[in-house]
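Engineer: Structure: entry15.cif, mmCIF, C-alpha atoms.
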```cif
data_upload
loop_
_atom_site.label_atom_id
_atom_site.label_comp_id
_atom_site.auth_asym_id
_atom_site.auth_seq_id
_atom_site.Cartn_x
_atom_site.Cartn_y
_atom_site.Cartn_z
CA MET S 159 100.02 107.38 141.36
CA THR S 160 100.11 106.22 137.73
CA THR S 161 103.16 105.78 135.57
CA PRO S 162 104.09 108.86 133.54
CA HIS S 163 103.23 108.78 129.84
CA GLU S 164 105.98 108.20 127.32
CA PRO S 165 106.97 111.36 125.41
CA THR S 166 105.00 111.76 122.19
CA ALA S 167 107.44 114.09 120.43
CA PRO S 168 110.76 115.86 121.00
CA THR S 169 110.49 118.22 123.93
CA ASP S 170 112.47 121.15 125.21
CA THR S 171 113.17 119.50 128.57
CA ASP S 172 116.13 117.53 129.81
CA PRO S 173 115.37 113.80 130.18
CA ALA S 174 115.91 114.09 133.91
CA GLN S 175 113.43 116.95 134.10
CA SER S 176 110.38 115.20 132.62
CA VAL S 177 107.32 116.15 134.63
CA GLU S 178 105.29 113.45 136.33
CA THR S 179 101.62 113.17 135.57
CA ASP S 180 98.90 111.73 137.74
CA ALA S 181 96.21 112.33 135.14
CA ASP S 182 94.00 109.42 134.17
CA SER S 183 95.83 107.39 131.54
CA SER S 184 92.87 105.17 130.70
CA GLY S 185 91.85 105.06 127.05
CA THR S 186 88.17 105.03 128.04
CA LEU S 187 86.25 108.25 127.41
CA THR S 188 83.70 108.98 130.14
CA PRO S 189 81.98 112.13 131.49
CA GLU S 190 84.79 112.31 134.06
CA ASN S 191 87.44 111.61 131.39
CA PRO S 192 86.04 113.23 128.18
CA VAL S 193 89.41 113.66 126.43
CA SER S 194 91.58 110.79 125.20
CA PRO S 195 95.13 110.51 126.59
CA GLU S 196 96.38 110.70 122.99
CA THR S 197 94.80 114.11 122.51
CA ALA S 198 95.90 115.37 125.94
CA ASP S 199 99.51 114.31 125.32
CA ALA S 200 99.51 115.81 121.82
CA LEU S 201 98.20 119.18 123.06
CA ALA S 202 100.82 119.21 125.82
CA GLY S 203 103.50 118.38 123.27
CA LEU S 204 102.44 121.32 121.11
CA ALA S 205 103.46 123.63 123.97
CA ASN S 206 107.13 122.80 123.45
CA SER S 207 108.81 125.70 121.69
CA ASP S 208 111.65 123.66 120.16
CA LEU S 209 109.52 121.43 117.95
CA GLU S 210 110.34 121.34 114.26
CA PRO S 211 107.44 122.44 112.04
CA ALA S 212 106.93 118.88 110.80
CA ASP S 213 106.70 117.56 114.37
CA ARG S 214 104.25 120.31 115.30
CA ARG S 215 102.03 119.44 112.33
CA LYS S 216 102.12 115.76 113.25
CA LEU S 217 101.13 116.52 116.84
CA LEU S 218 98.25 118.71 115.71
CA GLY S 219 97.05 115.91 113.48
CA ARG S 220 97.39 113.44 116.37
CA ALA S 221 95.37 115.74 118.63
CA VAL S 222 92.54 115.93 116.10
CA THR S 223 92.45 112.21 115.28
CA GLY S 224 92.16 111.38 118.99
CA LEU S 225 89.13 113.61 119.56
CA GLY S 226 86.45 110.97 119.07
CA LYS S 227 82.76 111.78 119.44
CA GLY S 228 83.52 114.76 121.66
CA ALA S 229 84.34 116.76 118.54
CA GLY S 230 80.62 117.02 117.86
CA ARG S 231 80.37 119.56 120.66
CA ALA S 232 82.14 122.09 118.45
CA PHE S 233 79.01 122.24 116.27
CA ARG S 234 76.55 123.04 119.08
CA GLY S 235 77.32 126.73 119.35
CA PRO S 236 80.05 128.92 120.86
CA ARG S 237 79.42 128.05 124.52
CA ALA S 238 79.41 124.31 123.87
CA ALA S 239 82.63 124.67 121.88
CA ALA S 240 84.20 126.71 124.70
CA ASN S 241 83.19 124.04 127.23
CA TRP S 242 84.82 121.43 125.03
CA ALA S 243 87.95 123.57 124.75
CA ALA S 244 87.97 123.76 128.56
CA ASP S 245 87.88 119.96 128.73
CA LEU S 246 90.82 119.83 126.33
CA VAL S 247 93.03 122.23 128.28
CA ILE S 248 92.05 120.69 131.63
CA ALA S 249 93.16 117.30 130.29
CA ALA S 250 96.38 118.66 128.80
CA ALA S 251 97.54 120.83 131.72
CA PRO S 252 98.87 118.01 133.97
CA HIS S 253 100.90 116.65 131.04
CA LEU S 254 102.85 119.85 130.36
CA ALA S 255 106.61 119.45 130.67
CA ILE S 256 107.57 122.35 132.95
CA ARG S 257 111.27 123.16 133.13
CA ASP S 258 112.81 124.08 136.47
CA LEU S 259 115.06 127.11 136.87
CA ASP S 260 118.34 125.28 136.31
CA THR S 261 117.01 123.69 133.12
CA LEU S 262 115.75 127.04 131.86
CA ARG S 263 119.12 128.68 132.48
CA ARG S 264 120.89 125.93 130.53
CA HIS S 265 118.39 126.13 127.72
CA PHE S 266 118.70 129.91 127.38
CA ASP S 267 122.49 130.20 127.53
CA GLY S 268 122.77 131.14 131.19
CA LYS S 269 120.21 133.96 131.17
CA THR S 270 118.71 134.87 134.53
CA GLY S 271 116.09 137.20 135.98
CA GLU S 272 114.39 139.64 133.64
CA ASP S 273 116.49 138.55 130.66
CA LEU S 274 115.30 134.98 131.12
CA ALA S 275 111.68 136.10 131.52
CA ASP S 276 112.00 138.13 128.31
CA ALA S 277 113.31 135.09 126.46
CA LEU S 278 110.48 132.88 127.72
CA ILE S 279 107.79 135.36 126.69
CA ARG S 280 109.41 135.90 123.31
CA ASN S 281 109.63 132.15 122.62
CA ALA S 282 106.05 131.50 123.72
CA SER S 283 104.82 134.35 121.54
CA ARG S 284 106.60 132.89 118.53
CA THR S 285 105.11 129.48 119.25
CA THR S 286 101.52 130.73 119.45
CA ALA S 287 102.10 132.82 116.33
CA GLY S 288 103.09 129.62 114.55
CA LEU S 289 99.91 127.94 115.74
CA GLY S 290 97.91 130.90 114.48
CA ALA S 291 99.38 130.51 111.02
CA ALA S 292 97.10 127.54 110.53
CA GLY S 293 97.55 126.82 106.82
CA GLY S 294 100.21 124.12 107.23
CA SER S 295 98.42 122.67 110.22
CA VAL S 296 95.17 122.32 108.29
CA ALA S 297 97.08 120.59 105.49
CA ALA S 298 98.50 118.09 108.00
CA VAL S 299 95.09 117.38 109.50
CA GLU S 300 93.65 116.75 106.03
CA TRP S 301 95.96 113.78 105.66
CA THR S 302 95.28 112.27 109.07
CA ALA S 303 91.73 113.09 110.20
CA PRO S 304 88.36 111.72 109.06
CA PRO S 305 86.47 114.15 106.79
CA ALA S 306 83.85 114.75 109.48
CA LEU S 307 86.52 116.39 111.64
CA LEU S 308 87.80 118.73 108.94
CA SER S 309 85.61 121.65 109.89
CA ALA S 310 86.22 125.18 111.05
CA PRO S 311 84.71 124.70 114.56
CA VAL S 312 86.88 121.66 115.30
CA LEU S 313 90.08 123.22 114.00
CA ILE S 314 89.51 126.50 115.82
CA THR S 315 88.79 124.69 119.10
CA VAL S 316 91.90 122.53 118.86
CA GLU S 317 94.07 125.48 117.83
CA THR S 318 92.76 127.49 120.79
CA ALA S 319 93.47 124.65 123.21
CA ALA S 320 97.02 124.32 121.85
CA VAL S 321 97.62 128.07 122.24
CA VAL S 322 96.38 127.93 125.84
CA ALA S 323 98.71 125.01 126.56
CA VAL S 324 101.65 127.15 125.40
CA GLU S 325 100.55 130.04 127.60
CA VAL S 326 99.94 127.86 130.66
CA LYS S 327 103.45 126.44 130.31
CA LEU S 328 104.78 129.99 130.00
CA ILE S 329 103.05 130.98 133.25
CA ALA S 330 104.50 127.97 135.06
CA GLU S 331 108.04 128.73 133.89
CA LEU S 332 107.74 132.42 134.75
CA HIS S 333 107.01 131.26 138.30
CA GLU S 334 110.32 129.38 138.22
CA VAL S 335 112.16 132.50 137.04
CA TYR S 336 110.79 134.63 139.87
CA GLY S 337 111.51 132.05 142.55
CA LEU S 338 107.85 131.14 143.09
CA PRO S 339 107.53 127.59 141.69
CA VAL S 340 104.07 126.06 141.71
CA GLY S 341 104.00 123.03 143.99
CA GLY S 342 101.68 120.07 144.39
CA SER S 343 100.92 117.09 142.20
CA ALA S 344 100.71 117.38 138.42
CA SER S 345 96.93 117.69 138.65
CA GLU S 346 97.05 120.31 141.40
CA ARG S 347 99.61 122.32 139.49
CA GLY S 348 97.48 122.08 136.37
CA SER S 349 94.45 123.42 138.23
CA ALA S 350 96.37 126.28 139.77
CA LEU S 351 97.95 127.28 136.46
CA LEU S 352 94.65 127.20 134.58
CA GLY S 353 93.22 129.50 137.23
CA ALA S 354 96.19 131.83 136.77
CA TRP S 355 95.66 131.78 132.99
CA ALA S 356 91.95 132.61 133.31
CA ARG S 357 92.65 135.45 135.77
CA ARG S 358 95.82 136.68 134.01
CA ARG S 359 97.95 136.67 137.14
CA GLY S 360 100.34 134.49 139.07
CA VAL S 361 99.31 131.59 141.26
CA THR S 362 98.51 132.92 144.72
CA LEU S 363 97.05 129.86 146.42
CA LEU S 364 97.29 126.12 145.89
CA GLN S 365 95.28 124.09 148.37
CA ALA S 366 97.49 121.06 148.80
CA GLY S 367 95.82 117.71 149.12
CA ARG S 368 92.76 118.51 147.01
CA GLY S 369 92.22 116.66 143.76
CA PHE S 370 92.35 118.19 140.31
CA SER S 371 88.60 118.18 139.65
CA THR S 372 87.94 119.52 143.17
CA VAL S 373 90.39 122.41 142.86
CA LEU S 374 88.90 123.47 139.51
CA GLY S 375 85.48 124.40 140.91
CA ALA S 376 82.41 125.58 139.05
CA GLY S 377 83.31 129.26 139.41
CA LEU S 378 86.82 128.81 138.06
CA ARG S 379 85.61 126.60 135.24
CA LYS S 380 83.17 129.36 134.22
CA GLU S 381 86.03 131.90 134.20
CA LEU S 382 88.07 129.50 132.10
CA ARG S 383 85.22 128.93 129.66
CA ASP S 384 84.48 132.64 129.29
CA ARG S 385 88.14 133.43 128.66
CA LEU S 386 88.32 130.59 126.11
CA LEU S 387 85.19 131.90 124.39
CA ARG S 388 86.85 135.27 123.86
CA ARG S 389 90.06 133.67 122.64
CA MET S 390 88.18 131.42 120.21
CA GLY S 391 86.45 134.46 118.74
CA ARG S 392 89.85 136.01 118.09
CA ASN S 393 91.11 132.82 116.46
CA LEU S 394 88.30 132.93 113.89
CA THR S 395 90.51 135.35 111.96
CA THR S 396 92.61 132.39 110.84
CA LEU S 397 89.72 131.34 108.60
CA GLY S 398 90.17 134.39 106.39
CA PRO S 399 91.58 134.18 102.86
CA LEU S 400 94.71 132.06 102.53
CA LEU S 401 97.86 133.83 103.79
CA THR S 402 95.86 136.88 104.93
CA GLY S 403 93.93 134.94 107.57
CA ALA S 404 97.04 133.04 108.66
CA ALA S 405 99.10 136.22 108.97
CA ILE S 406 96.42 138.00 111.01
CA GLY S 407 95.91 134.97 113.24
CA ALA S 408 99.64 134.66 113.85
CA GLU S 409 100.01 138.32 114.80
CA LEU S 410 96.97 138.31 117.10
CA ASN S 411 98.24 135.23 118.90
CA ARG S 412 101.72 136.72 119.25
CA ARG S 413 100.35 139.93 120.78
CA ALA S 414 97.93 138.13 123.09
CA THR S 415 100.64 135.82 124.45
CA ARG S 416 103.07 138.69 124.97
CA LYS S 417 100.42 140.73 126.78
CA LEU S 418 99.52 137.78 129.01
CA GLY S 419 103.19 137.13 129.79
CA ASP S 420 103.77 140.78 130.71
CA GLU S 421 100.72 140.87 132.98
CA VAL S 422 101.67 137.66 134.78
CA ARG S 423 105.31 138.68 135.23
CA GLU S 424 104.23 142.01 136.74
CA ASP S 425 102.07 140.16 139.27
CA LEU S 426 104.95 137.80 140.04
CA ARG S 427 107.28 140.74 140.61
CA LYS S 428 104.85 142.04 143.23
CA GLN S 429 104.63 138.62 144.87
CA GLN S 430 108.42 138.33 144.85
CA ARG S 431 108.82 141.73 146.53
CA LYS S 432 106.33 140.75 149.23
CA ALA S 433 108.13 137.45 149.82
CA LEU S 434 111.45 139.28 150.31
CA ARG S 435 110.12 141.66 152.93
#
```
Would you put the structure from the file into structure tokens?

Structural biologist:
Amino acid sequence: MTTPHEPTAPTDTDPAQSVETDADSSGTLTPENPVSPETADALAGLANSDLEPADRRKLLGRAVTGLGKGAGRAFRGPRAAANWAADLVIAAAPHLAIRDLDTLRRHFDGKTGEDLADALIRNASRTTAGLGAAGGSVAAVEWTAPPALLSAPVLITVETAAVVAVEVKLIAELHEVYGLPVGGSASERGSALLGAWARRRGVTLLQAGRGFSTVLGAGLRKELRDRLLRRMGRNLTTLGPLLTGAAIGAELNRRATRKLGDEVREDLRKQQRKALR
């Protein structure tokens, strides 16, 4: 097991609650490792709801500057861009800092149960709304990224991946609230949570002992890609006229995250009732 990465920005976890990662930390980009650790860490960092706007802009810029040649896939059509977005979220998922129940209670002033779930969904919705209001983020990228990367396809793909990272973290922490924490290694948890995100439900099965790439099979990857393709189409609204496009993108992200959170929590309620029988 590799050594966990150092934090790349302030997070909303306690130091003692930092999540391990067994993702590949090599700086070499290969077909098996198509996303740089810098980009994966930055996307995971963007999922933290307590970041200051300046820190969020810096992380978005860091995510874009670490993309490398893979960014060219954003120009090859919607499906290629969605496949690239899938690579981004697959790489980021094991790096997400998931808070356990005790940490969540401390962070949200002692809230428990449905009140705590409400607070998590509300915070995640605000975070994705902020990502949808892309004007400031684009300005940050303009100062840090090569001109070749400053294009609508690249920005939309990275924004979508960051939004998904927020929602995957939300799903993981809702599991904590309902007493159904997702077990396994960081990679196994990442696979299970991405499957839950694609299917809009709680995690129902995690096959312990299977590697990350094995758990995320071809069928699940297709579901993930198709869901990302739909989400990327929605995020195109952020390219509208200044302020108008940002406002629409923010509201669409907020609604989509809230709807996802409500659907997942309803499934977790059912699982919780079954577990108590």

Engineer: Calculated over all atoms listed in the file, which of the candidates S:Ala255, S:Ala287, S:Met390, S:Ala408 has the smallest distance to Asn206 of chain S?

Structural biologist: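 Among the listed residues, the smallest separation from Asn206 of chain S belongs to S:Ala255.
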
Engineer: Quick one: pull the distance between atom CA of Ala405 of chain S and atom CA of Ala282 of chain S, Å, one decimal.

Structural biologist: 17.0 Å

Engineer: Quick one: pull the distance between atom CA of Trp242 of chain S and atom CA of Gly288 of chain S, Å, one decimal.

Structural biologist: 22.6 Å

Engineer: Could you tell me how far atom CA of Ala243 of chain S lies from atom CA of Thr197 of chain S, in Å and to one decimal?

Structural biologist: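 The value is 11.9 Å.
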
Engineer: Just the residues within 12 Å of segment 263-271 of chain S, please, counting only C-alpha atoms, with nothing from its chain fewer than 5 positions along; format it as a PyMOL selection string.

Structural biologist: chain S and resi 169-172+207-208+257-258+276-278+280-281+331-337+423+426-427+430

Engineer: I would like the residues chosen by the PyMOL selection byres ((chain S and resi 205) around 10) on the shown file; could you give them as a list in words?

Structural biologist: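 Applied to this file, the PyMOL selection byres ((chain S and resi 205) around 10) returns Thr169, Asp170, Ala200, Leu201, Ala202, Gly203, Leu204, Asn206, Ser207, Asp208, Leu209, Arg214, Ala250, Leu254, Ala255, Ile256, Ala282, Thr285, Thr286, Leu289, Ala320, Val321, Val322, Ala323, Val324, Glu325, Val326, Lys327 and Leu328 of chain S.
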
Engineer: Go through S:Arg234, S:Lys380, S:Arg412, S:Arg358 and flag the residue nearest Glu424 of chain S, using all atoms listed in the file for the distances.

Structural biologist: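 Closest to Glu424 of chain S of all the choices is S:Arg358.
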
Engineer: Using all atoms listed in the file, pick whichever of S:Val193, S:Ala238, S:Leu262, S:Leu246 has the shortest atom-to-atom distance to Gly224 of chain S.

Structural biologist: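 Checking each candidate against Gly224 of chain S, we get S:Val193 as the closest.
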
Engineer: Identify which of the residues S:Leu378, S:Val222, S:Leu259, S:Ala414 lies closest to Leu274 of chain S, counting all atoms listed in the file when measuring atom-to-atom distances.

Structural biologist: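 Selected residue with least distance to Leu274 of chain S: S:Leu259.
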
Engineer: Set the distance at 8 Å and use only C-alpha atoms: which residues neighbour Arg413 of chain S once local chain neighbours fewer than 4 positions away are removed? I'd like the list as a compact mmCIF listing (two decimals) with C-alpha atoms, keeping the file's coordinate frame.

Structural biologist:
```
# COMPACT_ATOMS: atom_id res chain seq x y z
CA SER S 283 104.82 134.35 121.54
CA GLU S 409 100.01 138.32 114.80
CA LYS S 417 100.42 140.73 126.78
```

Engineer: Which of these, S:Ala249, S:Leu387, S:Val361, S:Val422, has the shortest distance to Ile314 of chain S once you count all atoms listed in the file?

Structural biologist: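 Of all the options, S:Leu387 lies closest to Ile314 of chain S.
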
Engineer: Hey, what's within 12 Å of Gly391 of chain S if we count only C-alpha atoms and toss same-chain stuff fewer than 5 positions away? As a list in words, please?

Structural biologist: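 These residues fall inside the cut-off: Gly235, Pro236, Arg237, Ala239, Ala240, Pro311, Ile314, Thr315, Glu317, Thr318, Asp384, Arg385, Leu386, Thr396, Leu397, Gly407, Leu410 and Asn411 of chain S.
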